[in-house]
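A short write-up of the structure that comes next.
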Amino acid sequence: MTRRERPVLVYDGDCGFCTTSVRFVERRVPTSARIVAFQFADLDALGTTAQRAEYEVLWVDRAGRVTGGAQAIARLLMDAGGVWWPLGAVLRVPPVRWIAHGVYRLVANNRHRMPGGTAACVLPAAQRPGARQQG
């Protein structure tokens, strides 16, 4: 694992719902993280894969540990501190952790139906309009 100066939040930049959510974070949540769409990230250097990044939002901490889904959101909130920290901490404690996981999967699996979502959100990244070819 590579030590980094800042944590990294990796999201699906082709998903309208995900992008809208990230814009909210950038405006309202004072995180120290670098926020990057997985389509423009060096996933190998971050210690993850495109398959995982398509499946869930990822948090890569300074030590290079990768956390996904609701727990990535919890770590983002804790990183922001202030009024966000307690919310993130609560999301990490069972049974709230288990509920948060279920809610996250429900939203992630239906993100194409969410406000800001598009039909492209439901497609694997390689099949989306304008997909970049791996070579």
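Note on naming: chains are A, B, ... as they come in the structure tokens, residues start from 1 per chain, ligands start from 1 in the order shown.
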Do you know which residues are at most 9 Å from A:Val66 counting only C-alpha atoms, after dropping those on the same chain fewer than 4 positions away, and could you put them as a ChimeraX atom specification? /A:46-48,58-61,72
Residues near A:Phe40, cut-off 10 Å, only C-alpha atoms, skip fewer than 6 positions along chain, as a PDB file with N, CA, C and O atoms, in the first residue's frame:
```pdb
ATOM      1  N   VAL A  10     -13.669   7.796  -4.824  1.00  0.00           N
ATOM      2  CA  VAL A  10     -13.805   7.389  -6.219  1.00  0.00           C
ATOM      3  C   VAL A  10     -15.276   7.091  -6.486  1.00  0.00           C
ATOM      4  O   VAL A  10     -15.895   6.327  -5.746  1.00  0.00           O
ATOM      5  N   ASP A  12     -18.609   6.933  -9.766  1.00  0.00           N
ATOM      6  CA  ASP A  12     -18.909   6.666 -11.164  1.00  0.00           C
ATOM      7  C   ASP A  12     -19.282   7.976 -11.852  1.00  0.00           C
ATOM      8  O   ASP A  12     -20.395   8.479 -11.691  1.00  0.00           O
ATOM      9  N   GLY A  13     -18.367   8.514 -12.614  1.00  0.00           N
ATOM     10  CA  GLY A  13     -18.571   9.796 -13.276  1.00  0.00           C
ATOM     11  C   GLY A  13     -19.546   9.760 -14.434  1.00  0.00           C
ATOM     12  O   GLY A  13     -19.966  10.805 -14.917  1.00  0.00           O
TER      13      GLY A  13
END
```
Neighbours of stretch 17-26 of chain A within 8 Å (only C-alpha atoms; same-chain residues fewer than 3 positions away dropped), as JSON, numbers by chain? {"A": [11, 12, 13, 14, 29, 30, 31, 35, 111, 112, 114, 115, 116, 117, 118]}
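Between atom CA of A:Val90 and atom CA of A:Arg3 there is a distance of 26.9 Å.
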Give me every helix (DSSP H, G or I) residue in stretch 28-125 of chain A, going by DSSP on the backbone, as an MDAnalysis selection string. chainID A and resid 28 38:40 43:46 50:55 70:80 84:91 96:109 111:113 119:122 125
Top pick for closest residue to A:Ser32, considering A:Ala74, A:Ala63, A:Leu106, A:Leu9 and counting only C-alpha atoms: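 Nearest to A:Ser32: A:Leu9.
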What is the atom CA of A:Gly68-atom CA of A:Tyr55 distance in Å, reported with one decimal?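 One can read the atom CA of A:Gly68 to atom CA of A:Tyr55 distance as 8.9 Å.
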Where in stretch 6-103 of chain A does DSSP assign strand (DSSP E or B), given as a list in words?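 Put together, the selection reads Val8, Leu9, Val10, Tyr11, Arg34, Ile35, Val36, Ala37, Leu58, Trp59, Val60, Val66, Thr67 and Gly68 of chain A.
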With all heavy atoms retained, export the selected residues as an mmCIF file, in the first residue's frame.
```cif
data_model
loop_
_atom_site.group_PDB
_atom_site.id
_atom_site.type_symbol
_atom_site.label_atom_id
_atom_site.label_comp_id
_atom_site.auth_asym_id
_atom_site.auth_seq_id
_atom_site.Cartn_x
_atom_site.Cartn_y
_atom_site.Cartn_z
ATOM 1 N N VAL A 8 -8.848 9.538 -1.010
ATOM 2 C CA VAL A 8 -9.461 9.706 -2.320
ATOM 3 C C VAL A 8 -10.859 9.089 -2.288
ATOM 4 O O VAL A 8 -11.029 7.969 -1.808
ATOM 5 C CB VAL A 8 -8.620 9.021 -3.425
ATOM 6 C CG1 VAL A 8 -9.256 9.201 -4.795
ATOM 7 C CG2 VAL A 8 -7.186 9.535 -3.418
ATOM 8 N N LEU A 9 -11.833 9.825 -2.792
ATOM 9 C CA LEU A 9 -13.179 9.301 -2.982
ATOM 10 C C LEU A 9 -13.337 9.038 -4.476
ATOM 11 O O LEU A 9 -13.144 9.934 -5.290
ATOM 12 C CB LEU A 9 -14.236 10.304 -2.512
ATOM 13 C CG LEU A 9 -15.675 9.802 -2.649
ATOM 14 C CD1 LEU A 9 -15.971 8.779 -1.535
ATOM 15 C CD2 LEU A 9 -16.666 10.941 -2.590
ATOM 16 N N VAL A 10 -13.669 7.796 -4.824
ATOM 17 C CA VAL A 10 -13.805 7.389 -6.219
ATOM 18 C C VAL A 10 -15.276 7.091 -6.486
ATOM 19 O O VAL A 10 -15.895 6.327 -5.746
ATOM 20 C CB VAL A 10 -12.949 6.129 -6.503
ATOM 21 C CG1 VAL A 10 -13.081 5.721 -7.959
ATOM 22 C CG2 VAL A 10 -11.492 6.368 -6.127
ATOM 23 N N TYR A 11 -15.824 7.698 -7.530
ATOM 24 C CA TYR A 11 -17.240 7.523 -7.855
ATOM 25 C C TYR A 11 -17.395 7.271 -9.356
ATOM 26 O O TYR A 11 -16.443 7.397 -10.122
ATOM 27 C CB TYR A 11 -18.048 8.751 -7.428
ATOM 28 C CG TYR A 11 -17.800 9.972 -8.280
ATOM 29 C CD1 TYR A 11 -18.699 10.322 -9.277
ATOM 30 C CD2 TYR A 11 -16.663 10.757 -8.116
ATOM 31 C CE1 TYR A 11 -18.470 11.429 -10.087
ATOM 32 C CE2 TYR A 11 -16.429 11.854 -8.917
ATOM 33 C CZ TYR A 11 -17.333 12.184 -9.897
ATOM 34 O OH TYR A 11 -17.101 13.272 -10.699
ATOM 35 N N ARG A 34 -9.490 13.986 -2.122
ATOM 36 C CA ARG A 34 -9.519 14.282 -3.555
ATOM 37 C C ARG A 34 -10.663 13.448 -4.098
ATOM 38 O O ARG A 34 -10.765 12.252 -3.828
ATOM 39 C CB ARG A 34 -8.194 13.887 -4.209
ATOM 40 C CG ARG A 34 -8.130 14.181 -5.692
ATOM 41 C CD ARG A 34 -6.726 13.955 -6.252
ATOM 42 N NE ARG A 34 -6.312 12.572 -6.181
ATOM 43 C CZ ARG A 34 -6.452 11.687 -7.166
ATOM 44 N NH1 ARG A 34 -7.015 12.039 -8.302
ATOM 45 N NH2 ARG A 34 -6.024 10.453 -7.019
ATOM 46 N N ILE A 35 -11.554 14.049 -4.858
ATOM 47 C CA ILE A 35 -12.721 13.358 -5.397
ATOM 48 C C ILE A 35 -12.509 13.177 -6.892
ATOM 49 O O ILE A 35 -12.244 14.138 -7.605
ATOM 50 C CB ILE A 35 -14.014 14.146 -5.101
ATOM 51 C CG1 ILE A 35 -14.180 14.300 -3.585
ATOM 52 C CG2 ILE A 35 -15.215 13.459 -5.720
ATOM 53 C CD1 ILE A 35 -15.325 15.193 -3.157
ATOM 54 N N VAL A 36 -12.610 11.918 -7.350
ATOM 55 C CA VAL A 36 -12.305 11.627 -8.741
ATOM 56 C C VAL A 36 -13.244 10.549 -9.286
ATOM 57 O O VAL A 36 -13.561 9.582 -8.592
ATOM 58 C CB VAL A 36 -10.822 11.202 -8.904
ATOM 59 C CG1 VAL A 36 -10.510 9.942 -8.129
ATOM 60 C CG2 VAL A 36 -10.432 11.052 -10.354
ATOM 61 N N ALA A 37 -13.685 10.746 -10.523
ATOM 62 C CA ALA A 37 -14.470 9.724 -11.215
ATOM 63 C C ALA A 37 -13.550 8.556 -11.540
ATOM 64 O O ALA A 37 -12.395 8.761 -11.945
ATOM 65 C CB ALA A 37 -15.060 10.298 -12.500
ATOM 66 N N LEU A 58 -16.009 4.385 -3.609
ATOM 67 C CA LEU A 58 -14.859 3.879 -2.867
ATOM 68 C C LEU A 58 -14.157 5.004 -2.116
ATOM 69 O O LEU A 58 -14.039 6.122 -2.614
ATOM 70 C CB LEU A 58 -13.857 3.216 -3.821
ATOM 71 C CG LEU A 58 -14.387 2.050 -4.636
ATOM 72 C CD1 LEU A 58 -13.368 1.628 -5.679
ATOM 73 C CD2 LEU A 58 -14.771 0.896 -3.732
ATOM 74 N N TRP A 59 -13.667 4.679 -0.935
ATOM 75 C CA TRP A 59 -12.839 5.572 -0.133
ATOM 76 C C TRP A 59 -11.481 4.908 -0.008
ATOM 77 O O TRP A 59 -11.382 3.768 0.459
ATOM 78 C CB TRP A 59 -13.461 5.763 1.249
ATOM 79 C CG TRP A 59 -12.671 6.627 2.166
ATOM 80 C CD1 TRP A 59 -11.788 6.221 3.125
ATOM 81 C CD2 TRP A 59 -12.703 8.057 2.241
ATOM 82 N NE1 TRP A 59 -11.268 7.303 3.775
ATOM 83 C CE2 TRP A 59 -11.814 8.440 3.250
ATOM 84 C CE3 TRP A 59 -13.396 9.037 1.542
ATOM 85 C CZ2 TRP A 59 -11.605 9.777 3.598
ATOM 86 C CZ3 TRP A 59 -13.185 10.368 1.878
ATOM 87 C CH2 TRP A 59 -12.301 10.728 2.893
ATOM 88 N N VAL A 60 -10.439 5.596 -0.444
ATOM 89 C CA VAL A 60 -9.077 5.091 -0.307
ATOM 90 C C VAL A 60 -8.394 5.995 0.710
ATOM 91 O O VAL A 60 -8.205 7.192 0.459
ATOM 92 C CB VAL A 60 -8.312 5.095 -1.647
ATOM 93 C CG1 VAL A 60 -6.935 4.477 -1.469
ATOM 94 C CG2 VAL A 60 -9.117 4.360 -2.723
ATOM 95 N N VAL A 66 -8.821 0.402 1.022
ATOM 96 C CA VAL A 66 -10.001 0.705 0.218
ATOM 97 C C VAL A 66 -11.248 0.234 0.958
ATOM 98 O O VAL A 66 -11.327 -0.918 1.390
ATOM 99 C CB VAL A 66 -9.925 0.022 -1.160
ATOM 100 C CG1 VAL A 66 -11.151 0.359 -2.000
ATOM 101 C CG2 VAL A 66 -8.646 0.424 -1.888
ATOM 102 N N THR A 67 -12.207 1.141 1.106
ATOM 103 C CA THR A 67 -13.492 0.848 1.723
ATOM 104 C C THR A 67 -14.569 1.231 0.718
ATOM 105 O O THR A 67 -14.440 2.234 0.025
ATOM 106 C CB THR A 67 -13.673 1.689 3.011
ATOM 107 O OG1 THR A 67 -12.563 1.462 3.866
ATOM 108 C CG2 THR A 67 -14.949 1.337 3.733
ATOM 109 N N GLY A 68 -15.635 0.432 0.638
ATOM 110 C CA GLY A 68 -16.664 0.712 -0.351
ATOM 111 C C GLY A 68 -18.050 0.883 0.230
ATOM 112 O O GLY A 68 -18.310 0.549 1.392
#
```
Using only C-alpha atoms, find each residue of stretch 27-86 of chain A with at least one atom at most 9 Å away from an atom of stretch 100-105 of chain A; report its shortest atom-to-atom pair and that distance in Å (one decimal), sort the rows by chain and rising residue number, and return the result as CSV.
```
residue,atom,partner,partner_atom,distance
A:Glu56,CA,A:Arg105,CA,8.5
A:Gly69,CA,A:Tyr104,CA,6.5
A:Ala70,CA,A:His101,CA,5.4
A:Gln71,CA,A:His101,CA,7.7
```
Same residues, C-alpha atoms, saved as a CSV table (one decimal), in the first residue's frame:
```csv
chain,number,residue,atom,x,y,z
A,56,GLU,CA,-19.9,1.1,-5.3
A,69,GLY,CA,-20.3,1.5,-0.3
A,70,ALA,CA,-22.0,2.9,2.9
A,71,GLN,CA,-18.7,2.6,4.8
```
From the set A:Arg92, A:Arg28, A:Arg75, A:Arg113, which residue has the shortest atom-to-atom contact distance to A:Arg62, counting only C-alpha atoms? A:Arg75
List the spatial neighbours of A:Gly88 as a list of chain:residue names - criterion: any atom at most 8 Å away, only C-alpha atoms, same-chain residues fewer than 3 positions off excluded. A:Ile73, A:Ala74, A:Arg75, A:Leu76, A:Leu77, A:Met78, A:Trp84, A:Trp85, A:Leu91, A:Arg92
